[in-house]
$ cat input-v6.tsv   # TSV, C-alpha atoms and all ligand atoms
chain	number	residue	atom	x	y	z
A	1	MET	CA	0.00	0.00	0.00
A	2	SER	CA	3.05	2.26	0.29
A	3	ASN	CA	2.85	3.59	-3.28
A	4	ILE	CA	-0.72	4.89	-3.01
A	5	HIS	CA	-0.85	8.64	-3.57
A	6	PHE	CA	-3.52	9.32	-0.96
A	7	GLU	CA	-3.15	13.10	-1.00
A	8	GLU	CA	-3.67	13.29	-4.76
A	9	ILE	CA	-6.70	11.01	-4.56
A	10	ILE	CA	-8.35	12.81	-1.64
A	11	HIS	CA	-7.66	16.23	-3.12
A	12	SER	CA	-9.51	15.27	-6.28
A	13	PHE	CA	-12.61	15.17	-4.04
A	14	PHE	CA	-11.81	17.86	-1.43
A	15	GLU	CA	-9.82	21.05	-1.14
A	16	GLU	CA	-9.76	20.85	2.65
A	17	GLU	CA	-6.87	19.84	4.84
A	18	ILE	CA	-6.56	16.13	5.64
A	19	LEU	CA	-6.88	15.73	9.39
A	20	LEU	CA	-6.49	11.97	9.75
A	21	HIS	CA	-4.74	10.11	6.96
A	22	PRO	CA	-6.33	6.98	5.50
A	23	THR	CA	-6.05	3.82	7.58
A	24	PRO	CA	-7.34	0.37	6.52
A	25	PHE	CA	-10.90	-0.25	7.69
A	26	GLY	CA	-13.42	-3.12	7.93
A	27	SER	CA	-13.20	-6.80	7.05
A	28	GLY	CA	-14.49	-6.94	3.45
A	29	HIS	CA	-12.88	-9.48	1.11
A	30	ILE	CA	-13.03	-7.51	-2.11
A	31	ASN	CA	-12.27	-3.80	-2.14
A	32	ASP	CA	-9.51	-1.94	-0.32
A	33	THR	CA	-11.26	0.18	2.28
A	34	PHE	CA	-9.83	3.07	4.31
A	35	LYS	CA	-11.18	5.65	6.70
A	36	PHE	CA	-9.92	9.25	6.71
A	37	SER	CA	-10.95	12.67	8.01
A	38	ILE	CA	-10.82	16.19	6.76
A	39	GLN	CA	-11.27	19.54	8.44
A	40	LYS	CA	-14.45	21.15	7.11
A	41	ASN	CA	-16.52	24.01	8.49
A	42	GLN	CA	-14.35	23.95	11.60
A	43	GLU	CA	-15.16	20.35	12.38
A	44	GLN	CA	-13.78	16.90	11.67
A	45	GLN	CA	-15.65	15.02	8.94
A	46	ASP	CA	-15.05	11.31	8.40
A	47	PHE	CA	-15.13	9.43	5.10
A	48	ILE	CA	-14.65	5.99	3.64
A	49	LEU	CA	-12.18	5.74	0.77
A	50	GLN	CA	-12.27	2.65	-1.42
A	51	ARG	CA	-10.22	1.29	-4.27
A	52	ILE	CA	-12.59	-0.70	-6.47
A	53	ASN	CA	-11.28	-4.18	-7.16
A	54	GLN	CA	-11.01	-4.22	-10.93
A	55	ASN	CA	-10.08	-7.89	-11.10
A	56	ILE	CA	-13.66	-8.44	-10.04
A	57	PHE	CA	-15.52	-5.38	-11.27
A	58	HIS	CA	-14.38	-4.95	-14.85
A	59	ASN	CA	-16.51	-1.87	-15.38
A	60	PRO	CA	-16.33	0.42	-12.32
A	61	GLN	CA	-18.26	3.13	-14.14
A	62	GLU	CA	-21.28	0.82	-14.34
A	63	VAL	CA	-20.96	-0.05	-10.65
A	64	MET	CA	-21.00	3.61	-9.74
A	65	ASP	CA	-23.85	4.41	-12.12
A	66	ASN	CA	-25.96	1.71	-10.43
A	67	ILE	CA	-25.17	3.08	-6.98
A	68	GLN	CA	-26.06	6.62	-8.01
A	69	LYS	CA	-29.28	5.57	-9.69
A	70	VAL	CA	-30.37	3.64	-6.62
A	71	ALA	CA	-29.43	6.50	-4.29
A	72	LEU	CA	-31.54	8.89	-6.34
A	73	HIS	CA	-34.50	6.53	-6.39
A	74	LEU	CA	-34.36	5.96	-2.63
A	75	ALA	CA	-34.12	9.69	-1.89
A	76	LYS	CA	-37.08	10.45	-4.17
A	77	ASN	CA	-39.15	7.83	-2.39
A	78	ASN	CA	-38.27	9.03	1.12
A	79	TYR	CA	-36.34	5.92	2.14
A	80	PRO	CA	-36.06	6.41	5.90
A	81	LYS	CA	-32.53	5.12	6.56
A	82	LYS	CA	-29.16	6.53	5.52
A	83	ILE	CA	-28.50	6.32	1.79
A	84	LEU	CA	-25.04	5.36	0.59
A	85	SER	CA	-24.21	7.91	-2.05
A	86	PRO	CA	-20.75	8.74	-3.42
A	87	VAL	CA	-19.01	12.06	-2.86
A	88	LEU	CA	-18.33	13.64	-6.25
A	89	THR	CA	-14.93	14.79	-7.46
A	90	HIS	CA	-14.20	18.38	-8.47
A	91	GLU	CA	-15.07	17.19	-12.01
A	92	ASN	CA	-18.45	15.87	-10.85
A	93	GLN	CA	-17.41	12.24	-11.20
A	94	SER	CA	-18.40	9.50	-8.75
A	95	PHE	CA	-14.80	8.19	-8.72
A	96	HIS	CA	-11.26	9.37	-9.26
A	97	LYS	CA	-9.23	7.47	-11.84
A	98	THR	CA	-5.49	7.59	-11.21
A	99	GLU	CA	-2.81	7.75	-13.88
A	100	THR	CA	-2.23	4.02	-13.44
A	101	GLY	CA	-5.91	3.31	-14.06
A	102	GLU	CA	-7.10	2.64	-10.50
A	103	TYR	CA	-10.63	3.68	-9.52
A	104	TRP	CA	-11.08	5.31	-6.13
A	105	ARG	CA	-14.35	6.46	-4.56
A	106	VAL	CA	-15.41	8.23	-1.38
A	107	PHE	CA	-18.52	7.80	0.77
A	108	PRO	CA	-19.51	9.79	3.85
A	109	PHE	CA	-18.69	7.72	6.92
A	110	PHE	CA	-21.91	7.05	8.80
A	111	LYS	CA	-21.19	8.27	12.32
A	112	ASN	CA	-21.66	6.20	15.46
A	113	THR	CA	-22.06	2.98	13.47
A	114	PHE	CA	-20.39	-0.41	13.55
A	115	THR	CA	-20.54	-3.73	11.72
A	116	ILE	CA	-20.40	-7.24	13.09
A	117	ASP	CA	-19.03	-10.40	11.52
A	118	LYS	CA	-21.21	-12.62	13.68
A	119	ILE	CA	-24.75	-12.16	14.98
A	120	ASP	CA	-25.15	-12.23	18.77
A	121	ASN	CA	-28.86	-12.66	19.22
A	122	GLU	CA	-32.30	-12.95	17.62
A	123	THR	CA	-33.07	-9.24	17.99
A	124	GLN	CA	-30.05	-8.36	15.86
A	125	ALA	CA	-31.03	-10.97	13.27
A	126	PHE	CA	-34.60	-9.69	13.03
A	127	GLU	CA	-33.45	-6.07	12.79
A	128	ALA	CA	-30.80	-6.66	10.11
A	129	ALA	CA	-33.04	-8.89	7.98
A	130	LYS	CA	-35.87	-6.39	8.24
A	131	ALA	CA	-33.50	-3.67	7.06
A	132	PHE	CA	-32.46	-5.69	4.01
A	133	GLY	CA	-36.13	-6.45	3.30
A	134	GLU	CA	-37.10	-2.81	3.61
A	135	TYR	CA	-34.27	-1.81	1.30
A	136	LEU	CA	-35.35	-4.27	-1.41
A	137	ASN	CA	-38.94	-3.12	-1.02
A	138	PHE	CA	-37.98	0.47	-1.72
A	139	LEU	CA	-36.31	-0.65	-4.94
A	140	LYS	CA	-39.43	-2.25	-6.33
A	141	GLY	CA	-40.41	0.88	-8.23
A	142	LEU	CA	-37.17	0.63	-10.22
A	143	PRO	CA	-37.32	-1.93	-13.06
A	144	PRO	CA	-34.50	-4.53	-12.90
A	145	SER	CA	-33.46	-3.49	-16.41
A	146	ALA	CA	-32.57	-0.03	-15.01
A	147	LEU	CA	-29.45	-1.52	-13.43
A	148	ARG	CA	-26.41	-2.94	-15.19
A	149	THR	CA	-25.22	-6.44	-14.36
A	150	THR	CA	-21.92	-5.64	-12.67
A	151	ILE	CA	-20.72	-9.28	-12.53
A	152	PRO	CA	-22.31	-11.54	-15.14
A	153	ASN	CA	-23.50	-14.93	-13.83
A	154	PHE	CA	-22.60	-13.90	-10.28
A	155	HIS	CA	-24.99	-16.35	-8.63
A	156	ASN	CA	-25.13	-18.88	-11.42
A	157	GLY	CA	-24.46	-22.07	-9.46
A	158	VAL	CA	-24.45	-24.28	-12.54
A	159	LEU	CA	-21.65	-22.25	-14.14
A	160	ARG	CA	-19.73	-21.98	-10.87
A	161	LEU	CA	-19.85	-25.75	-10.54
A	162	LYS	CA	-18.53	-26.16	-14.11
A	163	LYS	CA	-15.69	-23.79	-13.35
A	164	PHE	CA	-14.93	-25.77	-10.17
A	165	GLU	CA	-14.87	-29.03	-12.15
A	166	ASN	CA	-12.51	-27.51	-14.70
A	167	THR	CA	-10.24	-26.31	-11.91
A	168	LEU	CA	-9.98	-29.87	-10.64
A	169	LYS	CA	-8.22	-30.75	-13.90
A	170	THR	CA	-5.48	-28.16	-13.43
A	171	ALA	CA	-5.02	-27.88	-9.64
A	172	THR	CA	-1.92	-29.34	-8.00
A	173	GLU	CA	-2.15	-32.80	-6.51
A	174	THR	CA	-1.25	-31.41	-3.10
A	175	LYS	CA	-4.20	-29.05	-3.16
A	176	ILE	CA	-6.59	-31.69	-4.46
A	177	ASN	CA	-5.53	-34.00	-1.63
A	178	LEU	CA	-5.94	-31.28	0.98
A	179	GLY	CA	-9.49	-30.60	-0.23
A	180	LEU	CA	-10.48	-34.13	-1.23
A	181	VAL	CA	-13.28	-34.66	1.29
A	182	GLU	CA	-14.80	-31.27	0.43
A	183	ILE	CA	-14.46	-31.85	-3.32
A	184	GLN	CA	-16.33	-35.15	-3.02
A	185	PHE	CA	-18.98	-33.61	-0.80
A	186	ILE	CA	-19.69	-30.84	-3.30
A	187	ILE	CA	-19.95	-33.25	-6.20
A	188	GLN	CA	-22.43	-35.39	-4.24
A	189	HIS	CA	-24.65	-32.43	-3.38
A	190	ALA	CA	-24.38	-30.48	-6.64
A	191	ASN	CA	-27.93	-31.17	-7.80
A	192	ILE	CA	-29.14	-28.12	-5.83
A	193	PHE	CA	-27.66	-25.86	-8.52
A	194	GLU	CA	-29.75	-27.32	-11.34
A	195	LYS	CA	-32.76	-27.41	-9.07
A	196	ILE	CA	-32.72	-23.67	-8.33
A	197	GLU	CA	-32.06	-22.81	-11.97
A	198	SER	CA	-35.03	-24.91	-13.09
A	199	LEU	CA	-37.41	-22.93	-10.84
A	200	LYS	CA	-37.22	-19.89	-13.15
A	201	LEU	CA	-37.95	-17.48	-10.31
A	202	PRO	CA	-38.92	-13.86	-11.02
A	203	ILE	CA	-36.12	-11.39	-11.63
A	204	ARG	CA	-36.00	-8.52	-9.16
A	205	ILE	CA	-33.40	-5.99	-8.12
A	206	THR	CA	-31.41	-7.78	-5.45
A	207	HIS	CA	-28.42	-6.82	-3.34
A	208	ASN	CA	-26.54	-10.08	-3.87
A	209	ASP	CA	-24.23	-9.63	-0.89
A	210	THR	CA	-26.48	-9.52	2.17
A	211	LYS	CA	-23.68	-10.46	4.54
A	212	ILE	CA	-24.19	-9.35	8.10
A	213	ASN	CA	-21.21	-6.99	7.83
A	214	ASN	CA	-22.91	-5.14	4.98
A	215	ILE	CA	-25.41	-3.59	7.41
A	216	LEU	CA	-24.32	-0.67	9.57
A	217	LEU	CA	-25.74	-0.72	13.09
A	218	ASP	CA	-26.11	2.21	15.44
A	219	LYS	CA	-23.64	2.02	18.35
A	220	THR	CA	-26.16	3.42	20.80
A	221	THR	CA	-29.47	1.83	19.78
A	222	GLN	CA	-28.18	-1.26	17.86
A	223	LYS	CA	-30.76	-0.40	15.17
A	224	ALA	CA	-29.88	-0.75	11.47
A	225	VAL	CA	-28.67	2.57	10.07
A	226	ALA	CA	-27.75	1.74	6.46
A	227	VAL	CA	-27.37	-0.97	3.88
A	228	ILE	CA	-23.90	-0.78	2.31
A	229	ASP	CA	-21.65	-2.61	-0.18
A	230	LEU	CA	-23.85	-1.95	-3.19
A	231	ASP	CA	-21.45	-3.15	-5.89
A	232	THR	CA	-23.52	-6.22	-6.73
A	233	LEU	CA	-26.93	-4.52	-6.70
A	234	MET	CA	-28.32	-5.83	-9.96
A	235	PRO	CA	-31.04	-8.03	-11.40
A	236	GLY	CA	-31.25	-11.35	-9.52
A	237	ILE	CA	-33.51	-13.69	-7.59
A	238	ILE	CA	-34.73	-13.25	-4.03
A	239	LEU	CA	-33.13	-16.51	-2.90
A	240	SER	CA	-29.72	-14.86	-3.23
A	241	ASP	CA	-30.53	-12.29	-0.59
A	242	PHE	CA	-32.41	-14.61	1.73
A	243	GLY	CA	-29.74	-17.28	1.29
A	244	ASP	CA	-26.79	-15.03	2.03
A	245	MET	CA	-28.46	-13.75	5.18
A	246	VAL	CA	-28.98	-17.29	6.40
A	247	ARG	CA	-25.40	-18.14	5.47
A	248	THR	CA	-23.87	-15.27	7.39
A	249	PHE	CA	-26.37	-14.74	10.23
A	250	THR	CA	-26.98	-18.28	11.45
A	251	ASN	CA	-23.38	-19.47	11.64
A	252	SER	CA	-22.41	-19.74	15.33
A	253	GLY	CA	-18.81	-19.14	14.26
A	254	GLU	CA	-17.28	-16.66	11.85
A	255	GLU	CA	-17.06	-17.57	8.17
A	256	ASP	CA	-13.45	-18.67	8.60
A	257	GLU	CA	-13.73	-20.37	11.98
A	258	ALA	CA	-11.36	-23.34	11.64
A	259	ASP	CA	-12.70	-25.27	14.64
A	260	LEU	CA	-15.74	-26.88	13.04
A	261	SER	CA	-17.19	-27.86	16.42
A	262	LYS	CA	-17.96	-24.13	16.72
A	263	VAL	CA	-19.83	-24.01	13.40
A	264	GLU	CA	-23.51	-24.62	13.94
A	265	MET	CA	-26.58	-23.48	12.06
A	266	ARG	CA	-28.55	-21.60	14.75
A	267	LYS	CA	-32.22	-22.33	14.16
A	268	ASP	CA	-33.44	-19.56	16.48
A	269	ILE	CA	-31.47	-17.03	14.45
A	270	TYR	CA	-32.83	-18.51	11.22
A	271	LEU	CA	-36.41	-18.05	12.41
A	272	ALA	CA	-35.76	-14.50	13.60
A	273	LEU	CA	-34.18	-13.44	10.32
A	274	GLU	CA	-36.94	-15.09	8.32
A	275	ALA	CA	-39.56	-13.24	10.38
A	276	GLY	CA	-37.73	-9.92	9.98
A	277	PHE	CA	-37.31	-10.32	6.23
A	278	LEU	CA	-40.90	-11.44	5.62
A	279	SER	CA	-42.27	-8.61	7.76
A	280	GLU	CA	-41.13	-6.36	4.89
A	281	MET	CA	-41.17	-8.66	1.85
A	282	LYS	CA	-44.89	-9.23	1.71
A	283	ASP	CA	-45.22	-9.71	-2.04
A	284	LEU	CA	-43.15	-12.84	-2.58
A	285	THR	CA	-44.73	-15.35	-4.94
A	286	LYS	CA	-45.68	-18.77	-3.59
A	287	LEU	CA	-42.80	-20.30	-5.54
A	288	GLU	CA	-40.32	-17.87	-3.97
A	289	ARG	CA	-41.65	-18.47	-0.47
A	290	ASP	CA	-41.69	-22.23	-0.88
A	291	HIS	CA	-38.03	-22.28	-1.82
A	292	LEU	CA	-36.50	-19.89	0.71
A	293	SER	CA	-34.87	-22.72	2.64
A	294	ASP	CA	-33.53	-24.21	-0.60
A	295	GLY	CA	-32.10	-20.77	-1.33
A	296	ALA	CA	-30.16	-20.91	1.94
A	297	LYS	CA	-28.66	-24.29	1.01
A	298	TRP	CA	-27.97	-23.16	-2.55
A	299	ILE	CA	-26.06	-20.00	-1.58
A	300	THR	CA	-24.13	-21.76	1.18
A	301	LEU	CA	-23.00	-24.61	-1.06
A	302	MET	CA	-22.22	-22.12	-3.82
A	303	GLN	CA	-20.03	-20.20	-1.36
A	304	ALA	CA	-18.22	-23.44	-0.49
A	305	VAL	CA	-17.66	-24.00	-4.23
A	306	ARG	CA	-16.36	-20.45	-4.64
A	307	PHE	CA	-13.92	-20.66	-1.71
A	308	LEU	CA	-12.72	-24.11	-2.72
A	309	THR	CA	-12.24	-23.10	-6.37
A	310	ASP	CA	-10.24	-20.09	-5.21
A	311	PHE	CA	-8.09	-22.30	-2.96
A	312	LEU	CA	-7.44	-24.73	-5.83
A	313	GLU	CA	-6.58	-21.89	-8.22
A	314	GLY	CA	-4.08	-20.29	-5.83
A	315	ASP	CA	-6.35	-17.63	-4.29
A	316	PRO	CA	-6.79	-15.11	-7.11
A	317	TYR	CA	-10.19	-13.83	-5.83
A	318	TYR	CA	-10.65	-13.58	-2.08
A	319	LYS	CA	-8.19	-11.78	0.16
A	320	ILE	CA	-6.47	-14.34	2.40
A	321	LYS	CA	-4.57	-13.97	5.66
A	322	TYR	CA	-2.72	-17.33	5.57
A	323	PRO	CA	-2.02	-20.03	2.92
A	324	ASN	CA	-4.99	-22.38	3.39
A	325	HIS	CA	-7.48	-19.68	4.37
A	326	ASN	CA	-9.86	-20.38	1.50
A	327	LEU	CA	-9.82	-24.12	2.24
A	328	VAL	CA	-10.71	-23.37	5.86
A	329	ARG	CA	-13.54	-21.14	4.66
A	330	ALA	CA	-14.82	-23.87	2.33
A	331	LYS	CA	-14.79	-26.47	5.13
A	332	ASN	CA	-16.64	-24.02	7.35
A	333	GLN	CA	-19.35	-23.44	4.72
A	334	ILE	CA	-19.80	-27.17	4.21
A	335	ALA	CA	-20.23	-27.63	7.97
A	336	LEU	CA	-22.90	-24.94	7.92
A	337	TYR	CA	-24.55	-26.55	4.89
A	338	LYS	CA	-24.76	-29.84	6.78
A	339	GLY	CA	-26.54	-27.95	9.57
A	340	LEU	CA	-29.01	-26.59	7.03
A	341	LEU	CA	-29.72	-30.09	5.72
A	342	LEU	CA	-30.64	-31.23	9.23
A	343	ALA	CA	-32.84	-28.23	10.03
A	401	LIG	P1	-16.15	-4.96	0.62
A	401	LIG	O1	-16.80	-5.04	-0.72
A	401	LIG	O2	-14.68	-5.15	0.53
A	401	LIG	O3	-16.83	-5.86	1.61
A	401	LIG	P2	-17.57	-2.72	1.91
A	401	LIG	O4	-18.17	-1.69	1.03
A	401	LIG	O5	-18.49	-3.71	2.51
A	401	LIG	O6	-16.36	-3.44	1.11
A	401	LIG	O7	-16.78	-1.97	3.07
A	401	LIG	C1	-15.96	-2.67	3.99
A	401	LIG	C2	-16.31	-2.26	5.41
A	401	LIG	O8	-16.12	-0.83	5.58
A	401	LIG	C3	-17.77	-2.51	5.81
A	401	LIG	O9	-18.00	-3.83	6.24
A	401	LIG	C4	-17.97	-1.47	6.92
A	401	LIG	O10	-17.39	-1.95	8.13
A	401	LIG	C5	-17.10	-0.29	6.46
A	401	LIG	N1	-17.89	0.74	5.73
A	401	LIG	C6	-18.11	0.78	4.40
A	401	LIG	N2	-18.82	1.88	4.07
A	401	LIG	C7	-19.07	2.55	5.21
A	401	LIG	C8	-19.74	3.80	5.54
A	401	LIG	N3	-20.28	4.56	4.59
A	401	LIG	N4	-19.78	4.21	6.85
A	401	LIG	C9	-19.20	3.44	7.81
A	401	LIG	N5	-18.55	2.26	7.57
A	401	LIG	C10	-18.47	1.82	6.29
A	402	LIG	C1	-17.44	-11.09	-0.82
A	402	LIG	O1	-17.30	-7.90	-0.45
A	402	LIG	P1	-17.71	-8.82	0.62
A	402	LIG	O2	-16.59	-9.23	1.52
A	402	LIG	O3	-18.90	-8.25	1.34
A	402	LIG	C2	-18.12	-11.51	-2.11
A	402	LIG	C3	-19.45	-12.19	-1.80
A	402	LIG	C4	-19.17	-13.40	-0.94
A	402	LIG	C5	-18.42	-12.95	0.32
A	402	LIG	C6	-18.01	-14.13	1.17
A	402	LIG	C7	-18.26	-9.21	-5.07
A	402	LIG	O4	-18.25	-10.15	-0.15
A	402	LIG	O5	-20.07	-12.61	-2.99
A	402	LIG	O6	-20.37	-14.02	-0.59
A	402	LIG	O7	-17.23	-12.22	-0.01
A	402	LIG	N1	-18.35	-10.36	-2.97
A	402	LIG	C8	-18.03	-10.43	-4.29
A	402	LIG	O8	-17.65	-13.67	2.42
A	402	LIG	O9	-17.59	-11.47	-4.81
A	403	MG	MG	-18.71	-5.80	2.43
$ encode --input "input-v6.tsv" --output "structure tokens" --more "lines below"
Ligand code: ADP
Ligand code: GN1
Ligand code: MG
Amino acid sequence: MSNIHFEEIIHSFFEEEILLHPTPFGSGHINDTFKFSIQKNQEQQDFILQRINQNIFHNPQEVMDNIQKVALHLAKNNYPKKILSPVLTHENQSFHKTETGEYWRVFPFFKNTFTIDKIDNETQAFEAAKAFGEYLNFLKGLPPSALRTTIPNFHNGVLRLKKFENTLKTATETKINLGLVEIQFIIQHANIFEKIESLKLPIRITHNDTKINNILLDKTTQKAVAVIDLDTLMPGIILSDFGDMVRTFTNSGEEDEADLSKVEMRKDIYLALEAGFLSEMKDLTKLERDHLSDGAKWITLMQAVRFLTDFLEGDPYYKIKYPNHNLVRAKNQIALYKGLLLA
């Protein structure tokens, strides 16, 4: 990170003096996130600065256009929570492109908020799921075709499985052996991918990354303040959003907990999140409702496939903190999936 020209980047958005220089922030796997402060109107104002991961988002302009379009729509419709909307550069752009082609963006830092990587109790689960449901509800007036698909086939389980099977042909023997049990498990349970595809569920605008740490909570009241991480807001199916909540809310351990005895699917949390989500999402079709629990299994197994593929390929996608991190994550997701099968 030493060769980042922070001053140049920040000064393309602000003229003011930088009070606190950017420091890494949060636990996201994709973008590089920093927090910084400037001195404005005699007070300290905090911001989030992010480098968009272009290995994953090939068209950052489209990502930012989606975010701006959604922000405008929510504001027009009096969405009651905080709206994530980019700060514009001096040239009125929603990002700053550096000479080396990197895309940087700035969002106001929502004060007095925090994120969690693991849910503590049913109240939190209900509140966060309700907030995601409310958010999706407010987007109903916007046709799915209004948004660009920022990552094609993002939740296409059938394609992800094919890619995984291809990777098995090229991965090293050492890696295959390390992941053998998980590889076999995935192959045995892979029919869920075809099954969800064959349902032909309605296309809606979905968030596609409803991880618990993509909701900001108020430090004082614990209430949801904002839905964030909008890079994958695009046309999709509701099972993605329900499924990813189940995947990240119900796990009694964190996503990379290596001690699998600590990885349980917490049924009480499942029921609370389902109640919170459905309290807002009242217009689901019967087909959508009937397959919510399949959606949870589908997304969880797909996540195992994604982590395992990344491990086998040498970790090009997810940020890792140690060599077998993605294998540990895949094992964790399979343990959670087993819990879902028993529920
Ligand atoms: P990633 O795609 O890498 O997950 P996110 O957009 O989710 O990136 O940001 C990473 C983390 O930064 C979030 O989990 C949250 O903790 C924090 N964060 C992001 N945006 C804001 C914001 N506007 N206000 C406060 N915290 C934020
Ligand atoms: C990534 O950006 P972040 O950390 O919220 C990923 C999600 C995965 C998740 C697994 C664009 O989410 O799809 O479910 O990691 N985002 C992208 O933790 O691939
Ligand atoms: Mg995130």
$ residues_near_ligand --input "input-v6.tsv" --ligand "ligand MG 403 (chain A)" --cutoff "8 Å" --atoms "all atoms listed in the file" --output "tab-separated table (two decimals) with C-alpha atoms, keeping the file's coordinate frame"
chain	number	residue	atom	x	y	z
A	27	SER	CA	-13.20	-6.80	7.05
A	28	GLY	CA	-14.49	-6.94	3.45
A	29	HIS	CA	-12.88	-9.48	1.11
A	30	ILE	CA	-13.03	-7.51	-2.11
A	209	ASP	CA	-24.23	-9.63	-0.89
A	211	LYS	CA	-23.68	-10.46	4.54
A	213	ASN	CA	-21.21	-6.99	7.83
A	214	ASN	CA	-22.91	-5.14	4.98
A	228	ILE	CA	-23.90	-0.78	2.31
A	229	ASP	CA	-21.65	-2.61	-0.18
$ residues_around --input "input-v6.tsv" --residues "stretch 133-140 of chain A" --least-positions-apart "3" --cutoff "6 Å" --atoms "only C-alpha atoms" --output "list in words"
Lys130, Phe277, Glu280 and Met281 of chain A
$ atom_distance --input "input-v6.tsv" --atom1 "atom CA of A:Lys69" --atom2 "atom CA of A:Leu49"
20.0 Å
$ residues_near_ligand --input "input-v6.tsv" --ligand "ligand LIG 401 (chain A)" --cutoff "10 Å" --atoms "all atoms listed in the file" --output "ChimeraX atom specification"
/A:24-35,46-53,82-86,106-117,209-217,225-232,318-319
$ atom_distance --input "input-v6.tsv" --atom1 "atom CA of A:Ser279" --atom2 "atom CA of A:Arg266"
20.1 Å
$ axis_aligned_box --input "input-v6.tsv" --around "ligand LIG 402 (chain A)" --padding-each-side "4 Å" --output "lines of an AutoDock Vina configuration file"
center_x = -18.5
center_y = -11.0
center_z = -1.3
size_x = 11.8
size_y = 14.2
size_z = 15.5
$ residues_around --input "input-v6.tsv" --residues "A:Lys262" --least-positions-apart "5" --cutoff "10 Å" --atoms "only C-alpha atoms" --output "PyMOL selection string"
chain A and resi 251-254+257+332+335
$ atom_distance --input "input-v6.tsv" --atom1 "atom CA of A:Val246" --atom2 "atom CA of A:Ile196"
16.5 Å
$ closest_residue --input "input-v6.tsv" --among "A:Lys175, A:Lys162, A:His155, A:Lys286" --to "ligand LIG 402 (chain A)" --atoms "only C-alpha atoms and all ligand atoms"
A:His155
$ closest_residue --input "input-v6.tsv" --among "A:His96, A:Lys282, A:Lys40, A:His207" --to "ligand LIG 402 (chain A)" --atoms "all atoms listed in the file"
A:His207
$ residues_around --input "input-v6.tsv" --residues "A:Glu194" --least-positions-apart "3" --cutoff "10 Å" --atoms "all atoms listed in the file" --output "list in words"
Asn156, Gly157, Val158, Leu159, Ala190, Asn191, Glu197, Ser198, Leu199 and Trp298 of chain A
$ closest_residue --input "input-v6.tsv" --among "A:Lys97, A:Arg306, A:Arg148, A:Lys81" --to "ligand LIG 402 (chain A)" --atoms "only C-alpha atoms and all ligand atoms"
A:Arg306
$ build_atoms --input "input-v6.tsv" --residues "stretch 257-270 of chain A" --atoms "N, CA and C atoms" --output "mmCIF file, keeping the file's coordinate frame"
data_model
loop_
_atom_site.group_PDB
_atom_site.id
_atom_site.type_symbol
_atom_site.label_atom_id
_atom_site.label_comp_id
_atom_site.auth_asym_id
_atom_site.auth_seq_id
_atom_site.Cartn_x
_atom_site.Cartn_y
_atom_site.Cartn_z
ATOM 1 N N GLU A 257 -14.027 -19.616 10.760
ATOM 2 C CA GLU A 257 -13.730 -20.370 11.980
ATOM 3 C C GLU A 257 -13.196 -21.755 11.566
ATOM 4 N N ALA A 258 -11.992 -22.081 12.058
ATOM 5 C CA ALA A 258 -11.360 -23.340 11.640
ATOM 6 C C ALA A 258 -11.794 -24.517 12.526
ATOM 7 N N ASP A 259 -12.238 -24.215 13.727
ATOM 8 C CA ASP A 259 -12.700 -25.270 14.640
ATOM 9 C C ASP A 259 -14.174 -25.561 14.315
ATOM 10 N N LEU A 260 -14.385 -26.635 13.562
ATOM 11 C CA LEU A 260 -15.740 -26.880 13.040
ATOM 12 C C LEU A 260 -16.738 -27.265 14.137
ATOM 13 N N SER A 261 -16.241 -27.573 15.322
ATOM 14 C CA SER A 261 -17.190 -27.860 16.420
ATOM 15 C C SER A 261 -17.894 -26.560 16.835
ATOM 16 N N LYS A 262 -17.334 -25.434 16.384
ATOM 17 C CA LYS A 262 -17.960 -24.130 16.720
ATOM 18 C C LYS A 262 -18.891 -23.648 15.612
ATOM 19 N N VAL A 263 -18.986 -24.437 14.533
ATOM 20 C CA VAL A 263 -19.830 -24.010 13.400
ATOM 21 C C VAL A 263 -21.160 -24.742 13.429
ATOM 22 N N GLU A 264 -22.167 -24.026 13.871
ATOM 23 C CA GLU A 264 -23.510 -24.620 13.940
ATOM 24 C C GLU A 264 -24.486 -23.724 13.212
ATOM 25 N N MET A 265 -25.533 -24.296 12.662
ATOM 26 C CA MET A 265 -26.580 -23.480 12.060
ATOM 27 C C MET A 265 -27.578 -23.200 13.198
ATOM 28 N N ARG A 266 -27.689 -21.936 13.598
ATOM 29 C CA ARG A 266 -28.550 -21.600 14.750
ATOM 30 C C ARG A 266 -29.991 -21.387 14.275
ATOM 31 N N LYS A 267 -30.839 -22.344 14.635
ATOM 32 C CA LYS A 267 -32.220 -22.330 14.160
ATOM 33 C C LYS A 267 -33.000 -21.108 14.681
ATOM 34 N N ASP A 268 -32.728 -20.722 15.929
ATOM 35 C CA ASP A 268 -33.440 -19.560 16.480
ATOM 36 C C ASP A 268 -33.124 -18.290 15.682
ATOM 37 N N ILE A 269 -31.870 -18.196 15.250
ATOM 38 C CA ILE A 269 -31.470 -17.030 14.450
ATOM 39 C C ILE A 269 -32.130 -17.100 13.073
ATOM 40 N N TYR A 270 -32.190 -18.311 12.531
ATOM 41 C CA TYR A 270 -32.830 -18.510 11.220
ATOM 42 C C TYR A 270 -34.272 -18.001 11.280
#
